[in-house]
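Engineer: Below is the file entry-v5.cif, which contains mmCIF, C-alpha atoms.
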data_coords
#
loop_
_atom_site.label_atom_id
_atom_site.label_comp_id
_atom_site.auth_asym_id
_atom_site.auth_seq_id
_atom_site.Cartn_x
_atom_site.Cartn_y
_atom_site.Cartn_z
CA GLY A 149 67.60 -67.28 83.76
CA ALA A 150 66.41 -64.77 81.14
CA VAL A 151 67.81 -61.65 82.75
CA VAL A 152 67.77 -58.33 80.90
CA SER A 153 69.78 -55.33 82.05
CA GLN A 154 69.59 -51.68 81.08
CA HIS A 155 72.15 -48.97 81.46
CA PRO A 156 71.96 -46.35 82.75
CA SER A 157 69.11 -46.76 85.22
CA TRP A 158 68.57 -43.03 85.23
CA VAL A 159 70.02 -40.09 83.33
CA ILE A 160 69.59 -36.33 83.33
CA CYS A 161 70.61 -34.43 80.23
CA LYS A 162 70.26 -30.96 78.79
CA SER A 163 67.99 -30.06 75.90
CA GLY A 164 69.64 -30.61 72.55
CA THR A 165 72.02 -33.32 73.66
CA SER A 166 71.84 -37.02 72.79
CA VAL A 167 71.50 -39.91 75.20
CA LYS A 168 72.27 -43.57 74.59
CA ILE A 169 70.50 -46.34 76.52
CA GLU A 170 71.80 -49.90 76.41
CA CYS A 171 69.75 -53.06 76.73
CA ARG A 172 71.54 -56.36 77.27
CA SER A 173 70.35 -59.92 77.60
CA LEU A 174 72.73 -61.39 80.15
CA ASP A 175 72.18 -65.13 79.97
CA PHE A 176 70.47 -65.73 76.66
CA GLN A 177 70.57 -64.65 73.05
CA ALA A 178 67.71 -62.35 72.14
CA THR A 179 66.44 -62.70 68.61
CA THR A 180 64.20 -59.70 69.10
CA MET A 181 64.23 -56.76 71.47
CA PHE A 182 61.45 -54.26 72.00
CA TRP A 183 61.70 -50.66 73.14
CA TYR A 184 58.84 -49.11 75.10
CA ARG A 185 58.18 -45.69 76.55
CA GLN A 186 56.02 -45.12 79.58
CA PHE A 187 54.78 -41.77 80.82
CA PRO A 188 53.68 -41.38 84.45
CA LYS A 189 50.52 -43.29 85.27
CA GLN A 190 50.23 -44.53 81.71
CA SER A 191 50.82 -47.89 80.14
CA LEU A 192 53.71 -49.08 78.02
CA MET A 193 53.74 -47.77 74.49
CA LEU A 194 55.74 -49.81 72.01
CA MET A 195 58.20 -47.62 70.13
CA ALA A 196 60.02 -50.12 67.95
CA THR A 197 60.94 -53.74 67.37
CA SER A 198 64.64 -54.45 66.99
CA ASN A 199 66.05 -57.55 65.30
CA GLU A 200 69.75 -58.38 65.34
CA GLY A 201 71.50 -57.37 62.15
CA SER A 202 68.57 -55.60 60.55
CA LYS A 203 66.84 -52.26 60.71
CA ALA A 204 64.39 -51.64 63.50
CA THR A 205 60.68 -51.53 62.78
CA TYR A 206 59.15 -48.40 64.26
CA GLU A 207 55.56 -47.99 65.38
CA GLN A 208 53.39 -45.37 63.78
CA GLY A 209 54.14 -41.91 65.10
CA VAL A 210 57.64 -42.71 66.37
CA GLU A 211 60.36 -40.71 64.64
CA LYS A 212 63.09 -43.08 63.55
CA ASP A 213 65.59 -40.25 63.05
CA LYS A 214 65.06 -39.09 66.60
CA PHE A 215 65.07 -42.47 68.29
CA LEU A 216 67.96 -44.39 66.76
CA ILE A 217 68.01 -48.10 67.45
CA ASN A 218 71.00 -50.35 66.83
CA HIS A 219 70.86 -54.08 67.47
CA ALA A 220 74.53 -54.91 67.00
CA SER A 221 74.53 -58.39 68.47
CA LEU A 222 72.21 -61.05 69.86
CA THR A 223 72.75 -59.68 73.35
CA LEU A 224 72.82 -55.91 72.86
CA SER A 225 70.44 -53.28 71.55
CA THR A 226 70.87 -49.55 72.00
CA LEU A 227 68.39 -46.69 71.86
CA THR A 228 69.78 -43.22 71.24
CA VAL A 229 67.51 -40.26 71.88
CA THR A 230 68.91 -37.53 69.64
CA SER A 231 68.48 -33.81 70.23
CA ALA A 232 66.51 -34.51 73.38
CA HIS A 233 63.73 -32.18 74.49
CA PRO A 234 61.89 -31.98 77.83
CA GLU A 235 58.90 -33.79 76.30
CA ASP A 236 61.18 -36.81 75.75
CA SER A 237 61.46 -37.20 79.52
CA SER A 238 60.00 -40.59 80.25
CA PHE A 239 60.65 -44.11 81.49
CA TYR A 240 62.21 -46.18 78.71
CA ILE A 241 61.96 -49.95 79.04
CA CYS A 242 63.40 -52.64 76.80
CA SER A 243 62.36 -56.25 76.61
CA ALA A 244 63.83 -59.27 74.90
CA ARG A 245 62.36 -62.35 73.28
CA THR A 246 64.37 -65.53 73.54
CA ARG A 247 63.41 -67.16 70.28
CA ARG A 248 61.18 -66.73 67.26
CA GLY A 249 57.74 -68.10 67.90
CA SER A 250 57.95 -67.29 71.59
CA TYR A 251 55.64 -64.59 72.80
CA GLU A 252 57.06 -64.15 76.28
CA GLN A 253 59.12 -61.03 76.80
CA TYR A 254 61.67 -60.46 79.55
CA PHE A 255 61.83 -56.85 80.65
CA GLY A 256 64.81 -54.78 81.63
CA PRO A 257 64.60 -52.62 84.77
CA GLY A 258 64.00 -49.45 82.78
CA THR A 259 65.82 -46.15 82.32
CA ARG A 260 64.43 -42.91 83.72
CA LEU A 261 65.34 -40.05 81.35
CA THR A 262 64.92 -36.46 82.45
CA VAL A 263 65.66 -33.70 79.95
CA THR A 264 66.15 -30.26 81.45
CA GLY B 74 42.26 -51.09 65.45
CA GLN B 75 43.27 -52.67 68.71
CA ASN B 76 41.25 -51.93 71.82
CA ILE B 77 42.08 -53.17 75.31
CA ASP B 78 40.05 -52.06 78.33
CA GLN B 79 40.63 -52.55 82.02
CA PRO B 80 39.50 -50.55 85.05
CA THR B 81 41.74 -47.65 86.00
CA GLU B 82 41.76 -48.18 89.74
CA MET B 83 40.62 -50.74 92.29
CA THR B 84 40.83 -50.90 96.06
CA ALA B 85 40.67 -54.02 98.20
CA THR B 86 41.35 -55.10 101.75
CA GLU B 87 44.28 -57.17 102.95
CA GLY B 88 43.36 -60.86 103.01
CA ALA B 89 40.50 -60.44 100.55
CA ILE B 90 40.08 -61.58 96.94
CA VAL B 91 40.06 -59.19 93.98
CA GLN B 92 39.29 -59.77 90.32
CA ILE B 93 40.73 -57.47 87.67
CA ASN B 94 38.97 -57.67 84.33
CA CYS B 95 40.33 -57.05 80.86
CA THR B 96 38.35 -56.97 77.64
CA TYR B 97 39.85 -56.74 74.22
CA GLN B 98 38.86 -56.28 70.62
CA THR B 99 41.81 -57.14 68.43
CA SER B 100 42.66 -58.91 65.22
CA GLY B 101 45.29 -61.61 65.04
CA PHE B 102 44.97 -62.57 68.72
CA ASN B 103 47.35 -65.23 69.95
CA GLY B 104 47.25 -64.94 73.71
CA LEU B 105 46.96 -62.62 76.67
CA PHE B 106 49.56 -61.64 79.24
CA TRP B 107 49.18 -60.30 82.73
CA TYR B 108 52.03 -58.32 84.23
CA GLN B 109 52.55 -56.70 87.61
CA GLN B 110 54.34 -53.37 87.76
CA HIS B 111 55.37 -51.53 90.90
CA ALA B 112 55.91 -47.80 90.62
CA GLY B 113 59.22 -46.94 88.98
CA GLU B 114 59.99 -50.52 88.07
CA ALA B 115 59.66 -52.66 84.95
CA PRO B 116 56.77 -55.10 84.56
CA THR B 117 57.14 -58.62 85.85
CA PHE B 118 55.46 -61.59 84.19
CA LEU B 119 52.48 -63.15 85.93
CA SER B 120 50.73 -65.31 83.34
CA TYR B 121 50.15 -66.02 79.68
CA ASN B 122 46.84 -67.55 78.54
CA VAL B 123 46.40 -68.95 75.07
CA LEU B 124 43.54 -71.42 75.59
CA ASP B 125 40.17 -70.83 77.22
CA GLY B 126 39.94 -71.55 80.89
CA LEU B 127 41.44 -70.82 84.25
CA GLU B 128 45.12 -71.21 85.07
CA GLU B 129 46.09 -71.14 88.71
CA LYS B 130 49.51 -70.20 89.97
CA GLY B 131 49.69 -69.85 93.72
CA ARG B 132 47.69 -66.85 94.93
CA PHE B 133 47.24 -65.61 91.37
CA SER B 134 44.94 -67.11 88.74
CA SER B 135 44.18 -65.96 85.23
CA PHE B 136 41.15 -66.73 83.07
CA LEU B 137 40.59 -66.37 79.35
CA SER B 138 37.56 -66.57 77.09
CA ARG B 139 38.62 -66.11 73.50
CA SER B 140 35.06 -66.09 72.18
CA LYS B 141 34.10 -63.27 74.53
CA GLY B 142 37.35 -61.31 74.25
CA TYR B 143 37.60 -61.38 78.02
CA SER B 144 40.18 -62.17 80.65
CA TYR B 145 40.53 -61.66 84.35
CA LEU B 146 43.29 -61.84 86.92
CA LEU B 147 42.25 -63.16 90.31
CA LEU B 148 44.35 -62.34 93.35
CA LYS B 149 43.63 -64.25 96.55
CA GLU B 150 44.73 -63.64 100.15
CA LEU B 151 45.75 -60.11 99.27
CA GLN B 152 48.90 -58.72 100.82
CA MET B 153 50.02 -55.12 101.12
CA LYS B 154 52.84 -55.83 98.67
CA ASP B 155 50.25 -56.64 96.01
CA SER B 156 49.56 -52.91 95.71
CA ALA B 157 50.77 -52.25 92.17
CA SER B 158 49.62 -51.67 88.64
CA TYR B 159 48.39 -54.73 86.74
CA LEU B 160 48.72 -54.68 82.99
CA CYS B 161 46.99 -56.93 80.55
CA ALA B 162 48.64 -57.25 77.15
CA VAL B 163 47.53 -58.94 73.96
CA ALA B 164 50.09 -60.92 71.98
CA PHE B 165 49.54 -60.94 68.25
CA ASN B 166 49.82 -63.91 65.99
CA THR B 167 52.78 -62.64 63.96
CA ASN B 168 56.45 -63.50 63.75
CA ALA B 169 57.26 -60.11 65.23
CA GLY B 170 55.92 -61.30 68.58
CA LYS B 171 54.56 -57.85 69.44
CA SER B 172 52.21 -57.17 72.30
CA THR B 173 49.87 -54.26 72.91
CA PHE B 174 49.30 -53.21 76.50
CA GLY B 175 46.17 -52.00 78.19
CA ASP B 176 46.38 -48.86 80.31
CA GLY B 177 46.78 -50.84 83.50
CA THR B 178 44.76 -51.16 86.69
CA THR B 179 46.19 -49.59 89.82
CA LEU B 180 45.35 -51.81 92.78
CA THR B 181 45.56 -50.41 96.27
CA VAL B 182 45.47 -52.91 99.13
CA LYS B 183 44.39 -51.42 102.45
CA PRO B 184 44.89 -52.91 105.91
#
What's the C-alpha coordinates form of this structure?

Structural biologist:
Amino acid sequence: GAVVSQHPSWVICKSGTSVKIECRSLDFQATTMFWYRQFPKQSLMLMATSNEGSKATYEQGVEKDKFLINHASLTLSTLTVTSAHPEDSSFYICSARTRRGSYEQYFGPGTRLTVT
Amino acid sequence: GQNIDQPTEMTATEGAIVQINCTYQTSGFNGLFWYQQHAGEAPTFLSYNVLDGLEEKGRFSSFLSRSKGYSYLLLKELQMKDSASYLCAVAFNTNAGKSTFGDGTTLTVKP
(Lines of atoms letter the chains of each structure in order from A and count residues from 1; the text may use other names and numbers.)
(Lines give C-alpha, C1' and ligand atoms only; values in the text may rest on other atoms or scores of the structure.)
Protein backbone atom coordinates (compact mmCIF):
# COMPACT_ATOMS: atom_id res chain seq x y z
CA GLY A 1 0.00 0.00 0.00
CA ALA A 2 0.84 3.73 0.00
CA VAL A 3 2.06 3.97 -3.58
CA VAL A 4 2.79 7.35 -5.15
CA SER A 5 3.29 7.80 -8.87
CA GLN A 6 4.72 10.68 -10.87
CA HIS A 7 4.30 11.51 -14.51
CA PRO A 8 6.31 11.98 -16.58
CA SER A 9 9.39 10.19 -15.29
CA TRP A 10 11.58 12.37 -17.44
CA VAL A 11 11.01 15.34 -19.71
CA ILE A 12 13.13 17.54 -21.96
CA CYS A 13 11.81 20.96 -22.84
CA LYS A 14 13.04 24.14 -24.45
CA SER A 15 13.78 27.34 -22.57
CA GLY A 16 10.71 29.50 -22.14
CA THR A 17 8.18 26.69 -22.26
CA SER A 18 6.13 25.34 -19.36
CA VAL A 19 6.15 21.80 -18.02
CA LYS A 20 3.54 20.10 -15.85
CA ILE A 21 4.43 17.26 -13.49
CA GLU A 22 1.72 15.13 -11.91
CA CYS A 23 1.87 13.40 -8.55
CA ARG A 24 -0.77 10.82 -7.69
CA SER A 25 -1.44 8.73 -4.63
CA LEU A 26 -2.69 5.46 -6.08
CA ASP A 27 -4.16 3.58 -3.15
CA PHE A 28 -4.75 6.19 -0.48
CA GLN A 29 -6.02 9.71 -0.03
CA ALA A 30 -3.24 12.19 0.61
CA THR A 31 -4.14 15.05 2.89
CA THR A 32 -0.82 16.69 2.17
CA MET A 33 1.68 16.43 -0.64
CA PHE A 34 5.19 17.85 -0.68
CA TRP A 35 7.27 18.91 -3.66
CA TYR A 36 11.05 18.64 -3.50
CA ARG A 37 13.87 19.51 -5.86
CA GLN A 38 17.17 17.70 -5.87
CA PHE A 39 20.28 18.79 -7.74
CA PRO A 40 23.00 16.23 -8.53
CA LYS A 41 24.81 14.98 -5.44
CA GLN A 42 22.74 17.21 -3.20
CA SER A 43 19.95 16.50 -0.79
CA LEU A 44 16.24 17.09 -1.16
CA MET A 45 15.17 20.69 -0.84
CA LEU A 46 11.53 21.24 0.07
CA MET A 47 9.88 23.61 -2.37
CA ALA A 48 6.30 23.68 -1.13
CA THR A 49 3.61 21.97 0.89
CA SER A 50 0.37 21.30 -0.92
CA ASN A 51 -2.97 20.70 0.82
CA GLU A 52 -6.07 19.62 -1.06
CA GLY A 53 -8.40 22.51 -1.80
CA SER A 54 -6.15 25.26 -0.51
CA LYS A 55 -3.20 27.29 -1.69
CA ALA A 56 0.23 25.76 -1.44
CA THR A 57 2.69 26.98 1.16
CA TYR A 58 6.02 27.79 -0.46
CA GLU A 59 9.40 27.66 1.24
CA GLN A 60 11.49 30.77 1.45
CA GLY A 61 13.22 31.55 -1.82
CA VAL A 62 10.85 29.52 -4.01
CA GLU A 63 8.98 31.64 -6.55
CA LYS A 64 5.31 30.75 -6.37
CA ASP A 65 4.58 32.37 -9.74
CA LYS A 66 7.21 30.23 -11.39
CA PHE A 67 6.39 26.95 -9.70
CA LEU A 68 2.61 26.66 -9.79
CA ILE A 69 1.13 24.00 -7.56
CA ASN A 70 -2.45 22.76 -7.80
CA HIS A 71 -3.83 20.16 -5.41
CA ALA A 72 -7.16 19.50 -7.10
CA SER A 73 -8.13 16.35 -5.26
CA LEU A 74 -7.03 14.08 -2.44
CA THR A 75 -5.11 11.94 -4.91
CA LEU A 76 -3.59 14.45 -7.32
CA SER A 77 -1.20 17.37 -7.08
CA THR A 78 0.48 19.04 -10.02
CA LEU A 79 3.61 21.16 -10.27
CA THR A 80 3.95 23.41 -13.30
CA VAL A 81 7.34 24.92 -14.02
CA THR A 82 6.56 28.05 -16.01
CA SER A 83 8.94 29.74 -18.43
CA ALA A 84 11.55 27.10 -17.75
CA HIS A 85 15.24 27.95 -17.88
CA PRO A 86 18.28 25.64 -17.95
CA GLU A 87 18.90 26.32 -14.25
CA ASP A 88 15.51 24.71 -13.52
CA SER A 89 16.91 21.39 -14.74
CA SER A 90 16.71 19.11 -11.75
CA PHE A 91 15.14 16.02 -10.24
CA TYR A 92 11.68 16.86 -8.91
CA ILE A 93 10.21 14.50 -6.33
CA CYS A 94 6.80 14.56 -4.70
CA SER A 95 5.76 12.84 -1.52
CA ALA A 96 2.41 12.29 0.13
CA ARG A 97 1.26 12.10 3.72
CA THR A 98 -1.63 9.77 4.46
CA ARG A 99 -3.24 11.65 7.30
CA ARG A 100 -2.83 14.68 9.51
CA GLY A 101 -0.63 13.93 12.47
CA SER A 102 1.35 11.35 10.52
CA TYR A 103 4.93 12.26 9.80
CA GLU A 104 5.73 9.47 7.37
CA GLN A 105 5.95 10.49 3.75
CA TYR A 106 5.64 8.19 0.75
CA PHE A 107 7.77 9.31 -2.16
CA GLY A 108 7.03 9.22 -5.84
CA PRO A 109 9.71 7.93 -8.23
CA GLY A 110 10.72 11.43 -9.29
CA THR A 111 10.74 13.39 -12.54
CA ARG A 112 13.98 14.30 -14.29
CA LEU A 113 13.55 17.69 -15.99
CA THR A 114 16.09 18.90 -18.51
CA VAL A 115 15.68 22.36 -19.99
CA THR A 116 17.68 23.02 -23.14
CA GLY B 1 17.78 27.91 12.02
CA GLN B 2 17.82 24.22 11.30
CA ASN B 3 21.14 22.44 11.06
CA ILE B 4 21.59 18.78 10.16
CA ASP B 5 25.05 17.27 9.71
CA GLN B 6 26.15 13.91 8.38
CA PRO B 7 29.38 12.77 6.74
CA THR B 8 29.56 13.29 3.00
CA GLU B 9 31.07 9.96 2.05
CA MET B 10 31.90 6.62 3.65
CA THR B 11 33.45 3.44 2.32
CA ALA B 12 33.10 -0.03 3.79
CA THR B 13 33.76 -3.63 2.84
CA GLU B 14 31.18 -6.22 1.91
CA GLY B 15 30.12 -8.21 4.97
CA ALA B 16 31.26 -5.54 7.41
CA ILE B 17 29.32 -3.19 9.69
CA VAL B 18 29.07 0.56 9.11
CA GLN B 19 27.62 3.32 11.26
CA ILE B 20 26.40 6.54 9.68
CA ASN B 21 26.02 9.41 12.12
CA CYS B 22 23.67 12.36 12.00
CA THR B 23 23.64 15.32 14.35
CA TYR B 24 21.01 17.99 14.39
CA GLN B 25 20.26 21.32 15.96
CA THR B 26 16.63 22.15 15.36
CA SER B 27 13.63 23.62 17.09
CA GLY B 28 10.31 21.83 17.25
CA PHE B 29 11.84 18.37 16.84
CA ASN B 30 9.39 15.49 16.65
CA GLY B 31 11.38 12.62 15.23
CA LEU B 32 14.12 11.58 12.84
CA PHE B 33 13.88 9.65 9.59
CA TRP B 34 16.46 7.64 7.74
CA TYR B 35 16.01 7.10 4.03
CA GLN B 36 18.01 5.19 1.43
CA GLN B 37 18.35 6.68 -2.03
CA HIS B 38 19.95 5.01 -5.02
CA ALA B 39 21.21 7.27 -7.79
CA GLY B 40 18.39 8.57 -9.97
CA GLU B 41 15.68 7.15 -7.75
CA ALA B 42 13.42 8.53 -5.03
CA PRO B 43 14.21 7.92 -1.36
CA THR B 44 12.86 4.83 0.32
CA PHE B 45 11.89 4.76 3.99
CA LEU B 46 14.18 2.92 6.39
CA SER B 47 13.21 4.07 9.88
CA TYR B 48 11.56 6.73 12.00
CA ASN B 49 12.73 7.29 15.59
CA VAL B 50 10.74 9.39 18.01
CA LEU B 51 11.92 8.01 21.37
CA ASP B 52 15.47 7.55 22.62
CA GLY B 53 17.03 4.21 21.99
CA LEU B 54 17.87 1.66 19.37
CA GLU B 55 15.35 0.20 16.94
CA GLU B 56 16.40 -2.85 15.00
CA LYS B 57 14.92 -3.88 11.69
CA GLY B 58 16.74 -6.75 10.05
CA ARG B 59 20.22 -5.72 8.94
CA PHE B 60 19.45 -2.07 9.62
CA SER B 61 19.19 -0.43 13.04
CA SER B 62 18.63 3.19 13.96
CA PHE B 63 19.48 4.97 17.21
CA LEU B 64 18.30 8.27 18.61
CA SER B 65 19.37 10.46 21.52
CA ARG B 66 17.10 13.47 21.75
CA SER B 67 19.11 15.10 24.52
CA LYS B 68 22.29 14.94 22.44
CA GLY B 69 20.69 15.77 19.09
CA TYR B 70 22.27 12.64 17.68
CA SER B 71 21.23 9.66 15.62
CA TYR B 72 22.97 6.89 13.77
CA LEU B 73 22.06 4.29 11.20
CA LEU B 74 23.81 0.95 11.61
CA LEU B 75 24.10 -1.37 8.63
CA LYS B 76 25.23 -4.94 9.29
CA GLU B 77 26.42 -7.67 6.92
CA LEU B 78 26.94 -5.12 4.18
CA GLN B 79 26.01 -6.09 0.65
CA MET B 80 27.05 -4.48 -2.61
CA LYS B 81 23.46 -3.33 -3.14
CA ASP B 82 23.72 -1.22 0.02
CA SER B 83 25.87 1.23 -1.93
CA ALA B 84 23.61 4.29 -1.95
CA SER B 85 23.06 7.66 -0.38
CA TYR B 86 21.61 7.65 3.14
CA LEU B 87 19.61 10.67 4.17
CA CYS B 88 18.65 11.65 7.66
CA ALA B 89 15.67 13.97 7.96
CA VAL B 90 14.17 15.77 10.93
CA ALA B 91 10.39 15.86 11.25
CA PHE B 92 9.02 18.96 12.91
CA ASN B 93 6.31 19.07 15.50
CA THR B 94 3.77 20.97 13.40
CA ASN B 95 0.55 20.08 11.65
CA ALA B 96 2.28 20.67 8.33
CA GLY B 97 4.28 17.49 8.85
CA LYS B 98 7.35 18.96 7.14
CA SER B 99 10.76 17.39 7.24
CA THR B 100 14.17 18.90 6.61
CA PHE B 101 16.80 16.68 5.03
CA GLY B 102 20.50 16.47 5.69
CA ASP B 103 22.85 16.50 2.72
CA GLY B 104 23.13 12.73 2.69
CA THR B 105 25.98 10.28 3.14
CA THR B 106 27.16 8.41 0.06
CA LEU B 107 28.12 4.89 1.10
CA THR B 108 30.29 2.81 -1.18
CA VAL B 109 30.53 -0.90 -0.43
CA LYS B 110 33.61 -2.59 -1.87
CA PRO B 111 34.16 -6.31 -2.38

Engineer: Can you work out which residues from chain A touch chain B at a cut-off of 12 Å (counting all atoms listed in the file) and hand them back as JSON, numbers by chain?

Structural biologist: {"A": [150, 151, 152, 153, 154, 157, 158, 179, 180, 181, 182, 183, 184, 185, 186, 187, 188, 189, 190, 191, 192, 193, 194, 195, 196, 197, 198, 199, 204, 205, 206, 207, 238, 239, 240, 241, 242, 243, 244, 245, 246, 247, 248, 249, 250, 251, 252, 253, 254, 255, 256, 257, 258, 259, 260, 261]}

Engineer: State, in Å with one decimal place, the distance from atom CA of Leu151 of chain B to atom CA of Ala89 of chain B.

Structural biologist: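 We find that atom CA of Leu151 of chain B and atom CA of Ala89 of chain B lie 5.4 Å from each other.
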
Engineer: Once the PyMOL selection byres ((chain A and resi 223-233) around 9) has been evaluated on this model, what residues remain selected, and can you format them as a ChimeraX atom specification?

Structural biologist: /A:161-179,181,183,198-200,213-222,234-237,242,263-264

Engineer: In Å, how far is it from atom CA of Lys203 of chain A to atom CA of Gly101 of chain B?

Structural biologist: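 Separation of atom CA of Lys203 of chain A and atom CA of Gly101 of chain B: 23.9 Å.
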
Engineer: Step by step, work through what the PyMOL selection byres ((chain B and resi 156) around 9) selects in the shown file, and finish by giving those residues as a VMD selection string.

Structural biologist: chain B and resid 84 111 151 to 155 157 to 158 179 to 183

Engineer: Provide the atom CA of Gly142 of chain B to atom CA of Pro80 of chain B distance in Å, to one decimal place.

Structural biologist: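 Rounded to one decimal, the two atoms are 15.4 Å apart.
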
Engineer: Determine the nearest neighbour of Ile93 of chain B from the options B:Tyr145, B:Asn76, B:Leu127, B:Phe133, counting all atoms listed in the file.

Structural biologist: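 Checking each of B:Tyr145, B:Asn76, B:Leu127, B:Phe133 against Ile93 of chain B, counting all atoms listed in the file, the winner is B:Tyr145.
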
Engineer: Considering all atoms listed in the file, state which residue in the set B:Met83, B:Ser140, B:Gly88, B:Glu129 is at the smallest distance from Phe102 of chain B.

Structural biologist: B:Ser140

Engineer: Need the axis-aligned box for segment 115-132 of chain B with 3 Å each side, so what are the centre and edges in Å to one decimal, as lines of an AutoDock Vina configuration file?

Structural biologist:
center_x = 49.8
center_y = -62.1
center_z = 85.0
size_x = 25.7
size_y = 24.9
size_z = 25.9

Engineer: Given the point (44.2, -52.1, 108.7) in the file's coordinates, find the residues that have an atom at most 9 Å from it, counting all atoms listed in the file, and give them as a VMD selection string.

Structural biologist: chain B and resid 86 to 87 183 to 184

Engineer: Between B:Gln110, B:Thr99, B:Gln92, B:Ser138, which has the minimum distance to Asp125 of chain B (counting all atoms listed in the file)?

Structural biologist: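 Looking only at the distances to Asp125 of chain B, the closest residue turns out to be B:Ser138.
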